[in-house]
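Novice: Following this message is one structure expressed as structure tokens.
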Amino acid sequence: MKKKIAVLTGAGVSAESGLGTYRDNGGLWDNYDPMEVASIQGWYKNRKLVLDFYNMQRAKLKDTKPNAAHLAIAALEKDYDVTVITQNVDNLHEKAGSTKVIHLHGEATKVRPENGVYEESFSEREVIDVGYEPVNLGDKAPNGCQLRPHIVFFGESVPKIEPAIDVVAAADLLLIVGTSMQVYPAAGLYRYADPKAPIYVVDPADLPLHDPRITHIKDVATKGMEKFIKILEER
Ligand code: OAD
């Protein structure tokens with residue numbers, strides 16, 4: 001049986017594909033207020049602003065290609081049972097060929113009907129793949145409700161956290177790539193790793209990592225993944 005690798009990724013894995021991160025200098029949250037464009041309160045305040053923000057994010061993905069880090073993660077499937085848990089709303093892991101991807105924070109290419117007070121109790125059957133097309137105010141789902149981005153807004157719970165915890169807990173090794181580990185519950189996932197499972201972090205920044213199981217490969221995703229693969233081969 002193949003050994004299990006859980007891979008947790010954040011915006012940094014897609015940085016070298018040309019997608020900006022959120023919290024680095026010049027990142028998305030320098031130019032947009034997340035509470036206006038990516039929170040449930042922001043949605044109720046100004047749906048058009050939120051739809052336009054995600055229309056822009058979605059359109060960018062059309063010509064964006066996976067980089068060597070996404071490809072290296074997908075290639076791990078040859079020898080390992082790999083599940084990617086990504087905080088990213090882009091589709092670059094899928095474009096790279098990863099077959100098991102859990103999108104903790106939703107997907108920019110998908111929408112679903114808004115649901116009023118039951119906003120978070122949607123069914124997967126209601127989710128619509130719109131590819132790279134814009135969605136506007138007045139665009140309705142078959143049930144007559146306004147379409148909203150299939151994104152976990154700030155202020156909403158994270159329905160995929162439970163399957164993600166199970167994947168991390170069952171993994172023989174955890175690899176974390178390109179996340180500032182500032183947004184919970186994703187940032188706390190590594191705590192569920194088996195005490196015997198090594199944890200590798202690929203990120204160029206100094207991160208507040210206080211777990212003795214963690215080896216920090218301090219580099220960008222593409223170069224860091226090359227180093228990680230070497231370490232894996234030598235283990
Ligand atoms: P952040 O922008 O918070 O962090 C990006 C991380 O990527 C930082 O640790 C950088 O050091 C690292 N980084 C930058 N360039 C890199 C490169 N070339 N290679 C590897 N790493 C690099 O992004 P996330 O941690 O993903 O949620 O943010 C988590 C969540 O906060 C996002 O999913 C998003 C955001 O608000 C929602 O919108 C719901």
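FYI, nothing fancy with the structure tokens labels: chains A, B, ... in order, residues from 1 per chain, ligands from 1 as they appear.
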Can you list, as a PyMOL selection string, every protein, DNA or RNA residue that comes within 10 Å of range 70-75 of chain A when you count only C-alpha atoms, leaving out same-chain residues fewer than 4 positions away?
Specialist: chain A and resi 5+7+9+13-14+17+65-66+79-80+82-84+92-100+175+177+221-222+225-226+228-229
Novice: Quick one: everything within 12 Å of Ile165 in chain A, counting only C-alpha atoms, minus sequence neighbours fewer than 2 positions away in the same chain. Send it as a ChimeraX atom specification.
Specialist: /A:6-8,83,85,102,104,158-163,167-171,174,185-194
Novice: Store the residues picked out above in a file with C-alpha atoms, as a compact mmCIF listing (two decimals), in the first residue's frame.
Specialist:
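New file selection.txt:
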# COMPACT_ATOMS: atom_id res chain seq x y z
CA ALA A 6 -1.24 15.19 3.00
CA VAL A 7 -0.31 18.48 1.34
CA LEU A 8 -1.67 21.75 2.75
CA THR A 83 -4.47 14.37 -0.89
CA ILE A 85 -5.88 20.34 1.06
CA ILE A 102 -10.06 19.48 -0.95
CA LEU A 104 -11.16 24.47 2.18
CA VAL A 158 -15.55 25.86 6.91
CA PRO A 159 -17.57 22.75 5.99
CA LYS A 160 -14.58 20.87 4.56
CA ILE A 161 -12.50 21.12 7.73
CA GLU A 162 -13.66 17.74 9.01
CA PRO A 163 -12.60 15.69 5.98
CA VAL A 167 -6.75 13.33 5.89
CA VAL A 168 -4.09 15.03 8.05
CA ALA A 169 -4.58 12.56 10.91
CA ALA A 170 -4.20 9.56 8.56
CA ALA A 171 -1.09 10.90 6.78
CA LEU A 174 2.48 16.30 6.06
CA PRO A 185 -9.09 26.63 11.16
CA ALA A 186 -6.65 25.79 8.31
CA ALA A 187 -3.67 27.07 10.29
CA GLY A 188 -4.37 24.60 13.10
CA LEU A 189 -4.63 21.52 10.86
CA TYR A 190 -1.02 20.40 11.41
CA ARG A 191 -1.81 19.77 15.08
CA TYR A 192 -3.90 16.76 14.00
CA ALA A 193 -0.89 15.08 12.36
CA ASP A 194 0.21 11.75 13.80
Novice: Distance CA of Asp166 in chain A-CA of His105 in chain A, one decimal place?
Specialist: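 Going from CA of Asp166 in chain A over to CA of His105 in chain A, I get 17.0 Å.
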Novice: Would you list the residues that come within 8 Å of ligand 1? Count only C-alpha atoms and all ligand atoms and give the answer as a PyMOL selection string.
Specialist: chain A and resi 9-16+20-24+27-29+34+38+86-89+104-106+151-154+177-183+186+202-207+219-222+224
Novice: At what distance in Å, to one decimal, does CA of Leu173 in chain A lie from CA of Glu156 in chain A?
Specialist: 29.5 Å
Novice: Give me, please, the distance in Å between CA of Ala164 in chain A and CA of Ile199 in chain A, quoted to one decimal.
Specialist: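 Answer for the CA of Ala164 in chain A to CA of Ile199 in chain A separation: 15.7 Å.
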Novice: My list of candidates is A:Gly155, A:Gly26, A:Pro208, A:Gly138. Which is closest to Pro113 in chain A when distances are computed with only C-alpha atoms?
Specialist: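 Residue with the minimum atom-to-atom distance to Pro113 in chain A: A:Gly138.
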Novice: Taking into account only C-alpha atoms, which residue in the set A:Glu234, A:Asp172, A:Asp52, A:Glu126 is nearest to Asp81 in chain A?
Specialist: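 With only C-alpha atoms as the atom set, the closest residue is A:Asp172.
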Novice: Which one is closest to Leu51 in chain A: A:Leu147, A:Ile217, A:Ile176, A:Leu76? Count only C-alpha atoms.
Specialist: A:Leu147
Novice: Using backbone DSSP assignments, extract all strand (DSSP E or B) residues from range 40-210 of chain A; output them as a count of residues only.
Specialist: 36
Novice: For Gln57 in chain A, find every residue with an atom within 12 Å (counting only C-alpha atoms), except residues of its own chain fewer than 3 positions away, and show them as a VMD selection string.
Specialist: chain A and resid 19 to 20 28 37 to 38 50 to 54 60 to 64 88 to 91 107 to 110 131 to 135 149 151
Novice: Name the closest residue to Arg58 in chain A among the candidates A:Leu137, A:Thr215, A:Lys196, A:Val111; distances are taken between atoms, counting only C-alpha atoms.
Specialist: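 For Arg58 in chain A, the nearest of the given residues is A:Val111.
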Novice: Find, counting only C-alpha atoms, the residue in A:Ile231, A:Met1, A:Ile214, A:Leu209 that gets nearest to Ala197 in chain A.
Specialist: A:Ile214
